[in-house]
>>> print(open('run_18.pdb').read())   # PDB, C-alpha atoms
ATOM      1  CA  MET A 890      14.586  13.991-169.141
ATOM      2  CA  THR A 891      15.812  11.462-171.679
ATOM      3  CA  ARG A 892      13.127   8.956-172.567
ATOM      4  CA  HIS A 893      14.158   5.265-172.563
ATOM      5  CA  VAL A 894      12.433   3.295-175.346
ATOM      6  CA  VAL A 895      12.694  -0.499-175.532
ATOM      7  CA  GLY A 896      12.055  -2.387-178.765
ATOM      8  CA  ILE A 897      10.766  -5.947-178.713
ATOM      9  CA  GLY A 898      10.278  -8.058-181.802
ATOM     10  CA  GLY A 899      11.322  -9.843-184.874
ATOM     11  CA  THR A 900      11.668 -13.450-185.887
ATOM     12  CA  PHE A 901      14.403 -16.052-185.579
ATOM     13  CA  ARG A 902      15.810 -14.577-188.786
ATOM     14  CA  PRO A 903      18.061 -11.601-188.041
ATOM     15  CA  GLY A 904      16.979  -8.588-190.075
ATOM     16  CA  SER A 905      13.362  -9.695-190.491
ATOM     17  CA  SER A 906      10.939  -7.042-191.672
ATOM     18  CA  SER A 907       9.225  -6.784-188.283
ATOM     19  CA  GLU A 908      12.619  -6.320-186.595
ATOM     20  CA  MET A 909      13.722  -3.723-189.140
ATOM     21  CA  LEU A 910      10.506  -1.739-188.669
ATOM     22  CA  VAL A 911      10.951  -1.715-184.875
ATOM     23  CA  ARG A 912      14.563  -0.625-185.347
ATOM     24  CA  GLY A 913      13.309   2.151-187.642
ATOM     25  CA  VAL A 914      11.010   3.521-184.938
ATOM     26  CA  LEU A 915      13.811   3.267-182.365
ATOM     27  CA  ALA A 916      16.156   5.173-184.700
ATOM     28  CA  GLU A 917      13.579   7.956-185.066
ATOM     29  CA  CYS A 918      13.175   8.080-181.269
ATOM     30  CA  GLU A 919      16.973   8.294-180.892
ATOM     31  CA  ALA A 920      17.029  11.192-183.352
ATOM     32  CA  MET A 921      14.612  12.951-180.977
ATOM     33  CA  GLY A 922      16.884  12.339-177.991
ATOM     34  CA  ALA A 923      15.762   8.952-176.662
ATOM     35  CA  ARG A 924      17.978   6.215-175.337
ATOM     36  CA  THR A 925      16.951   2.879-176.866
ATOM     37  CA  ARG A 926      17.504  -0.832-176.467
ATOM     38  CA  MET A 927      16.424  -3.591-178.846
ATOM     39  CA  PHE A 928      15.466  -7.172-178.056
ATOM     40  CA  ASP A 929      15.289  -8.763-181.501
ATOM     41  CA  GLY A 930      14.101 -12.221-182.503
ATOM     42  CA  PRO A 931      17.396 -14.016-181.812
ATOM     43  CA  ALA A 932      17.574 -12.403-178.338
ATOM     44  CA  LEU A 933      13.947 -13.334-177.633
ATOM     45  CA  ALA A 934      14.611 -16.895-178.809
ATOM     46  CA  ASP A 935      17.092 -17.224-175.934
ATOM     47  CA  LEU A 936      14.303 -16.652-173.395
ATOM     48  CA  PRO A 937      13.011 -19.966-172.009
ATOM     49  CA  HIS A 938       9.270 -20.553-172.129
ATOM     50  CA  PHE A 939       7.528 -18.539-169.445
ATOM     51  CA  ASN A 940       6.218 -20.665-166.599
ATOM     52  CA  SER A 941       4.428 -18.815-163.802
ATOM     53  CA  GLU A 942       4.922 -21.804-161.514
ATOM     54  CA  ARG A 943       8.715 -21.481-161.710
ATOM     55  CA  PRO A 944      10.096 -18.215-160.334
ATOM     56  CA  GLU A 945      13.694 -18.976-161.348
ATOM     57  CA  ARG A 946      14.911 -16.741-164.177
ATOM     58  CA  THR A 947      17.908 -16.886-166.467
ATOM     59  CA  SER A 948      20.218 -13.895-166.772
ATOM     60  CA  GLU A 949      18.633 -13.184-170.197
ATOM     61  CA  GLN A 950      15.149 -13.190-168.699
ATOM     62  CA  ARG A 951      16.215 -10.898-165.853
ATOM     63  CA  ALA A 952      17.921  -8.477-168.263
ATOM     64  CA  PHE A 953      14.812  -8.328-170.440
ATOM     65  CA  VAL A 954      12.428  -7.696-167.530
ATOM     66  CA  GLU A 955      14.752  -5.057-166.050
ATOM     67  CA  ALA A 956      14.994  -3.255-169.391
ATOM     68  CA  VAL A 957      11.202  -3.068-169.631
ATOM     69  CA  ARG A 958      10.949  -1.985-165.992
ATOM     70  CA  SER A 959      13.256   0.941-166.718
ATOM     71  CA  ALA A 960      11.515   1.865-169.980
ATOM     72  CA  ASP A 961       9.391   4.933-170.512
ATOM     73  CA  ALA A 962       7.948   3.523-173.743
ATOM     74  CA  LEU A 963       7.904   0.343-175.800
ATOM     75  CA  VAL A 964       7.788  -0.622-179.453
ATOM     76  CA  ILE A 965       6.526  -4.160-180.053
ATOM     77  CA  GLY A 966       6.774  -5.786-183.476
ATOM     78  CA  SER A 967       5.558  -9.201-184.485
ATOM     79  CA  PRO A 968       5.159 -11.160-187.642
ATOM     80  CA  GLY A 969       1.532 -12.044-188.245
ATOM     81  CA  TYR A 970       1.607 -15.823-188.054
ATOM     82  CA  HIS A 971      -1.793 -17.266-188.991
ATOM     83  CA  GLY A 972      -3.489 -14.097-187.811
ATOM     84  CA  GLY A 973      -1.763 -14.019-184.431
ATOM     85  CA  VAL A 974       1.253 -12.810-182.517
ATOM     86  CA  SER A 975       4.323 -15.000-182.938
ATOM     87  CA  GLY A 976       5.182 -17.365-180.107
ATOM     88  CA  VAL A 977       8.584 -15.803-179.468
ATOM     89  CA  VAL A 978       7.086 -12.315-179.049
ATOM     90  CA  LYS A 979       4.173 -13.585-176.943
ATOM     91  CA  ASN A 980       6.556 -15.519-174.687
ATOM     92  CA  ALA A 981       8.532 -12.320-174.051
ATOM     93  CA  ILE A 982       5.333 -10.422-173.247
ATOM     94  CA  ASP A 983       4.198 -13.237-170.935
ATOM     95  CA  LEU A 984       7.493 -13.001-169.041
ATOM     96  CA  LEU A 985       6.511  -9.460-168.078
ATOM     97  CA  GLU A 986       4.080 -11.039-165.622
ATOM     98  CA  ASP A 987       7.111 -10.654-163.344
ATOM     99  CA  THR A 988       6.199  -6.938-163.109
ATOM    100  CA  ARG A 989       2.735  -7.616-161.650
ATOM    101  CA  ALA A 990       3.775  -6.517-158.130
ATOM    102  CA  ASP A 991       5.879  -3.521-159.235
ATOM    103  CA  ASP A 992       4.930   0.072-158.427
ATOM    104  CA  ARG A 993       4.254   0.418-162.162
ATOM    105  CA  VAL A 994       2.408  -2.762-163.067
ATOM    106  CA  TYR A 995       3.034  -4.128-166.575
ATOM    107  CA  PHE A 996       2.846  -1.224-169.083
ATOM    108  CA  ASP A 997       0.801   1.078-166.862
ATOM    109  CA  GLY A 998       0.854   4.586-168.301
ATOM    110  CA  MET A 999       3.369   3.769-171.052
ATOM    111  CA  PRO A1000       2.986   4.549-174.737
ATOM    112  CA  VAL A1001       3.447   1.414-176.814
ATOM    113  CA  GLY A1002       4.037   1.506-180.565
ATOM    114  CA  LEU A1003       2.795  -1.602-182.377
ATOM    115  CA  ILE A1004       4.074  -3.083-185.621
ATOM    116  CA  VAL A1005       3.069  -6.140-187.633
ATOM    117  CA  SER A1006       4.566  -7.586-190.778
ATOM    118  CA  ALA A1007       2.482 -10.278-192.446
ATOM    119  CA  ALA A1008       2.042 -11.991-195.793
ATOM    120  CA  GLY A1009      -1.337 -10.341-196.389
ATOM    121  CA  TRP A1010      -3.555  -7.555-195.120
ATOM    122  CA  GLN A1011      -5.927  -9.775-193.178
ATOM    123  CA  ALA A1012      -3.205 -11.341-191.011
ATOM    124  CA  GLY A1013      -1.658  -7.896-190.487
ATOM    125  CA  GLY A1014      -4.887  -6.288-189.338
ATOM    126  CA  VAL A1015      -5.952  -9.155-187.096
ATOM    127  CA  THR A1016      -2.511  -9.390-185.474
ATOM    128  CA  LEU A1017      -2.338  -5.630-184.938
ATOM    129  CA  ALA A1018      -5.744  -5.776-183.228
ATOM    130  CA  ALA A1019      -4.522  -8.656-181.054
ATOM    131  CA  LEU A1020      -1.453  -6.668-179.999
ATOM    132  CA  ARG A1021      -3.652  -3.683-179.137
ATOM    133  CA  GLY A1022      -5.795  -5.959-176.953
ATOM    134  CA  ILE A1023      -2.717  -7.314-175.177
ATOM    135  CA  VAL A1024      -1.370  -3.813-174.519
ATOM    136  CA  HIS A1025      -4.733  -2.655-173.167
ATOM    137  CA  ALA A1026      -4.902  -5.721-170.901
ATOM    138  CA  MET A1027      -1.443  -4.808-169.612
ATOM    139  CA  ARG A1028      -2.543  -1.202-168.892
ATOM    140  CA  GLY A1029      -0.528   0.361-171.700
ATOM    141  CA  TRP A1030      -1.454   3.055-174.207
ATOM    142  CA  PRO A1031      -1.118   1.872-177.820
ATOM    143  CA  THR A1032      -0.108   4.738-180.071
ATOM    144  CA  PRO A1033      -2.885   5.846-182.411
ATOM    145  CA  VAL A1034      -0.655   4.861-185.340
ATOM    146  CA  GLY A1035      -0.103   1.144-185.591
ATOM    147  CA  ILE A1036       1.985  -0.086-188.497
ATOM    148  CA  ALA A1037       0.874  -3.079-190.564
ATOM    149  CA  LEU A1038       3.112  -4.092-193.443
ATOM    150  CA  ASN A1039       1.948  -6.487-196.162
ATOM    151  CA  SER A1040       5.247  -8.198-196.982
ATOM    152  CA  ILE A1041       3.816  -9.631-200.209
ATOM    153  CA  GLU A1042       2.774  -6.285-201.687
ATOM    154  CA  GLN A1043       5.128  -3.857-199.942
ATOM    155  CA  LYS A1044       8.909  -3.903-200.267
ATOM    156  CA  PRO A1045       9.993  -0.989-198.073
ATOM    157  CA  PHE A1046      13.667  -1.924-197.633
ATOM    158  CA  GLY A1047      16.601  -1.219-199.899
ATOM    159  CA  PRO A1048      19.505  -3.650-200.338
ATOM    160  CA  ASP A1049      21.284  -2.120-197.326
ATOM    161  CA  GLY A1050      18.196  -2.487-195.095
ATOM    162  CA  ALA A1051      17.354   1.215-195.233
ATOM    163  CA  ILE A1052      13.684   2.106-195.528
ATOM    164  CA  VAL A1053      13.095   3.357-199.060
ATOM    165  CA  ASP A1054       9.277   3.447-199.131
ATOM    166  CA  ARG A1055       8.218   7.015-198.281
ATOM    167  CA  GLY A1056       4.806   5.942-196.970
ATOM    168  CA  VAL A1057       6.303   3.383-194.569
ATOM    169  CA  ALA A1058       8.987   5.884-193.514
ATOM    170  CA  ALA A1059       6.242   8.424-192.762
ATOM    171  CA  GLN A1060       4.365   5.901-190.591
ATOM    172  CA  ILE A1061       7.566   5.073-188.682
ATOM    173  CA  ALA A1062       8.301   8.765-188.094
ATOM    174  CA  LEU A1063       4.726   9.437-186.957
ATOM    175  CA  GLN A1064       4.720   6.525-184.530
ATOM    176  CA  ALA A1065       8.036   7.726-183.075
ATOM    177  CA  ARG A1066       6.632  11.259-182.657
ATOM    178  CA  GLN A1067       3.595   9.855-180.860
ATOM    179  CA  ILE A1068       5.816   7.827-178.524
ATOM    180  CA  MET A1069       8.109  10.749-177.807
ATOM    181  CA  GLY A1070       5.249  13.250-177.466
ATOM    182  CA  PHE A1071       3.234  11.117-175.057
ATOM    183  CA  ARG A1072       2.570  12.997-171.818
ATOM    184  CA  MET A1073       1.883  10.924-168.729
ATOM    185  CA  ASP A1074       0.724  13.985-166.782
ATOM    186  CA  VAL A1075      -2.211  14.338-169.178
ATOM    187  CA  ILE A1076      -3.536  10.850-168.407
ATOM    188  CA  GLY A1077      -2.286  10.350-164.848
TER
END
>>> encode(input="run_18.pdb", output="structure tokens")
Amino acid sequence: MTRHVVGIGGTFRPGSSSEMLVRGVLAECEAMGARTRMFDGPALADLPHFNSERPERTSEQRAFVEAVRSADALVIGSPGYHGGVSGVVKNAIDLLEDTRADDRVYFDGMPVGLIVSAAGWQAGGVTLAALRGIVHAMRGWPTPVGIALNSIEQKPFGPDGAIVDRGVAAQIALQARQIMGFRMDVIG
């Protein structure tokens, strides 16, 4: 069976480091046979603010929720803004409240790779921990490897956007292997 992996993340700036890291994990998953889909920062910016009191959804919101519904795994990347998940990423996650009555509620039984890019180690670590808490609350299984990039000290991308830092590339590959190797029958 081909695994379907959905990437969520980035900033309003196309090609942000958090987006590029998510795309890196998706590329590794594709190399292992997965089918992938990316919802980057600009795509997430098109999602109106989630309002649980208003059930109407735009076509962009419906497409996003349907993609996650059909996913076997997720990769979520966020910049670490003031030690927290960015608003655009959190809004997308909040929209997944629409899956609360599904047969598979939220992220139940899904592996979820987590990535943070922040201007310092403290914001990266705190934001990564926050994402892990969100995924646990939504019944998902965060991969053991979470990626935190210090964008001040680490410069993992070459001029063409390729990952040139071997340590970061190794983390991306390991996270992809954990996503692709996840066995639901072991936990279910």
>>> atom_distance(input="run_18.pdb", atom1="atom CA of Gly899 of chain A", atom2="atom CA of Pro968 of chain A")
6.9 Å
>>> atom_distance(input="run_18.pdb", atom1="atom CA of Val957 of chain A", atom2="atom CA of Ala981 of chain A")
10.6 Å
>>> atom_distance(input="run_18.pdb", atom1="atom CA of His893 of chain A", atom2="atom CA of Ala1058 of chain A")
21.6 Å
>>> axis_aligned_box(input="run_18.pdb", around="segment 999-1015 of chain A", padding_each_side="3 Å", output="lines of an AutoDock Vina configuration file")
center_x = -0.7
center_y = -3.7
center_z = -183.7
size_x = 16.5
size_y = 22.5
size_z = 31.3
>>> residues_around(input="run_18.pdb", residues="Asn940 of chain A", least_positions_apart="6", cutoff="12 Å", atoms="only C-alpha atoms", output="list in words")
Arg946, Gln950, Asn980, Ala981, Asp983, Leu984, Leu985, Glu986 and Asp987 of chain A
>>> write_last_selection(input="run_18.pdb", atoms="C-alpha atoms", output="PDB file, in the coordinates of the input")
ATOM      1  CA  ARG A 946      14.911 -16.741-164.177  1.00  0.00           C
ATOM      2  CA  GLN A 950      15.149 -13.190-168.699  1.00  0.00           C
ATOM      3  CA  ASN A 980       6.556 -15.519-174.687  1.00  0.00           C
ATOM      4  CA  ALA A 981       8.532 -12.320-174.051  1.00  0.00           C
ATOM      5  CA  ASP A 983       4.198 -13.237-170.935  1.00  0.00           C
ATOM      6  CA  LEU A 984       7.493 -13.001-169.041  1.00  0.00           C
ATOM      7  CA  LEU A 985       6.511  -9.460-168.078  1.00  0.00           C
ATOM      8  CA  GLU A 986       4.080 -11.039-165.622  1.00  0.00           C
ATOM      9  CA  ASP A 987       7.111 -10.654-163.344  1.00  0.00           C
TER      10      ASP A 987
END
>>> resolve_selection(input="run_18.pdb", expression="the PyMOL selection byres ((chain A and resi 925) around 10)", output="list in words")
Arg892, His893, Val894, Val895, Gly896, Arg912, Leu915, Ala916, Cys918, Glu919, Gly922, Ala923, Arg924, Arg926, Met927, Ala956, Ala960, Ala962 and Leu963 of chain A
>>> residues_near_point(input="run_18.pdb", point="(-1.5, -4.5, -168.8)", cutoff="10 Å", atoms="all atoms listed in the file", output="PyMOL selection string")
chain A and resi 985-986+988-989+994-999+1022-1030
>>> closest_residue(input="run_18.pdb", among="A:Leu1003, A:Gly976, A:Asp992, A:Pro937", to="Ser959 of chain A", atoms="only C-alpha atoms")
A:Asp992
>>> closest_residue(input="run_18.pdb", among="A:Val978, A:Ile1061, A:Ile1052, A:Ala932", to="Thr1032 of chain A", atoms="all atoms listed in the file")
A:Ile1061
>>> closest_residue(input="run_18.pdb", among="A:Arg902, A:Ser1006, A:Ile965, A:Val911", to="Arg1021 of chain A", atoms="all atoms listed in the file")
A:Ile965
>>> closest_residue(input="run_18.pdb", among="A:Gly898, A:Ser941, A:Phe953, A:Thr947", to="Asp929 of chain A", atoms="all atoms listed in the file")
A:Gly898
>>> build_atoms(input="run_18.pdb", residues="segment 951-980 of chain A", atoms="N, CA and C atoms", output="CSV table (one decimal), in the frame of the given file")
chain,number,residue,atom,x,y,z
A,951,ARG,N,16.1,-12.0,-166.8
A,951,ARG,CA,16.2,-10.9,-165.9
A,951,ARG,C,16.6,-9.6,-166.6
A,952,ALA,N,17.5,-9.7,-167.5
A,952,ALA,CA,17.9,-8.5,-168.3
A,952,ALA,C,16.7,-7.9,-169.1
A,953,PHE,N,16.0,-8.8,-169.7
A,953,PHE,CA,14.8,-8.3,-170.4
A,953,PHE,C,13.8,-7.6,-169.5
A,954,VAL,N,13.4,-8.3,-168.4
A,954,VAL,CA,12.4,-7.7,-167.5
A,954,VAL,C,12.9,-6.4,-167.0
A,955,GLU,N,14.2,-6.3,-166.6
A,955,GLU,CA,14.8,-5.1,-166.0
A,955,GLU,C,14.7,-3.9,-167.1
A,956,ALA,N,15.0,-4.3,-168.3
A,956,ALA,CA,15.0,-3.3,-169.4
A,956,ALA,C,13.6,-2.7,-169.5
A,957,VAL,N,12.6,-3.5,-169.5
A,957,VAL,CA,11.2,-3.1,-169.6
A,957,VAL,C,10.8,-2.3,-168.4
A,958,ARG,N,11.2,-2.7,-167.2
A,958,ARG,CA,10.9,-2.0,-166.0
A,958,ARG,C,11.5,-0.6,-166.1
A,959,SER,N,12.6,-0.4,-166.7
A,959,SER,CA,13.3,0.9,-166.7
A,959,SER,C,12.8,1.8,-167.9
A,960,ALA,N,12.0,1.2,-168.8
A,960,ALA,CA,11.5,1.9,-170.0
A,960,ALA,C,10.4,2.9,-169.7
A,961,ASP,N,10.5,3.9,-170.5
A,961,ASP,CA,9.4,4.9,-170.5
A,961,ASP,C,8.4,4.7,-171.6
A,962,ALA,N,8.8,3.8,-172.6
A,962,ALA,CA,7.9,3.5,-173.7
A,962,ALA,C,8.4,2.2,-174.4
A,963,LEU,N,7.6,1.6,-175.1
A,963,LEU,CA,7.9,0.3,-175.8
A,963,LEU,C,7.5,0.4,-177.3
A,964,VAL,N,8.2,-0.4,-178.1
A,964,VAL,CA,7.8,-0.6,-179.5
A,964,VAL,C,7.8,-2.1,-179.6
A,965,ILE,N,6.6,-2.7,-179.9
A,965,ILE,CA,6.5,-4.2,-180.1
A,965,ILE,C,6.2,-4.5,-181.5
A,966,GLY,N,7.0,-5.4,-182.1
A,966,GLY,CA,6.8,-5.8,-183.5
A,966,GLY,C,6.7,-7.3,-183.5
A,967,SER,N,5.7,-7.8,-184.3
A,967,SER,CA,5.6,-9.2,-184.5
A,967,SER,C,5.2,-9.5,-185.9
A,968,PRO,N,5.7,-10.7,-186.4
A,968,PRO,CA,5.2,-11.2,-187.6
A,968,PRO,C,3.7,-11.6,-187.4
A,969,GLY,N,2.9,-11.6,-188.4
A,969,GLY,CA,1.5,-12.0,-188.2
A,969,GLY,C,1.5,-13.5,-188.7
A,970,TYR,N,1.6,-14.4,-187.7
A,970,TYR,CA,1.6,-15.8,-188.1
A,970,TYR,C,0.2,-16.4,-187.9
A,971,HIS,N,-0.4,-16.7,-189.0
A,971,HIS,CA,-1.8,-17.3,-189.0
A,971,HIS,C,-2.8,-16.4,-188.2
A,972,GLY,N,-2.6,-15.1,-188.4
A,972,GLY,CA,-3.5,-14.1,-187.8
A,972,GLY,C,-3.2,-13.8,-186.3
A,973,GLY,N,-2.1,-14.2,-185.8
A,973,GLY,CA,-1.8,-14.0,-184.4
A,973,GLY,C,-0.3,-13.6,-184.2
A,974,VAL,N,-0.1,-13.2,-182.9
A,974,VAL,CA,1.3,-12.8,-182.5
A,974,VAL,C,2.2,-14.0,-182.5
A,975,SER,N,3.4,-13.9,-182.9
A,975,SER,CA,4.3,-15.0,-182.9
A,975,SER,C,4.6,-15.5,-181.5
A,976,GLY,N,4.9,-16.8,-181.4
A,976,GLY,CA,5.2,-17.4,-180.1
A,976,GLY,C,6.3,-16.7,-179.4
A,977,VAL,N,7.4,-16.4,-180.1
A,977,VAL,CA,8.6,-15.8,-179.5
A,977,VAL,C,8.3,-14.4,-178.9
A,978,VAL,N,7.5,-13.6,-179.6
A,978,VAL,CA,7.1,-12.3,-179.0
A,978,VAL,C,6.1,-12.5,-177.9
A,979,LYS,N,5.1,-13.4,-178.0
A,979,LYS,CA,4.2,-13.6,-176.9
A,979,LYS,C,4.9,-14.1,-175.7
A,980,ASN,N,5.8,-15.0,-175.8
A,980,ASN,CA,6.6,-15.5,-174.7
A,980,ASN,C,7.3,-14.4,-173.9
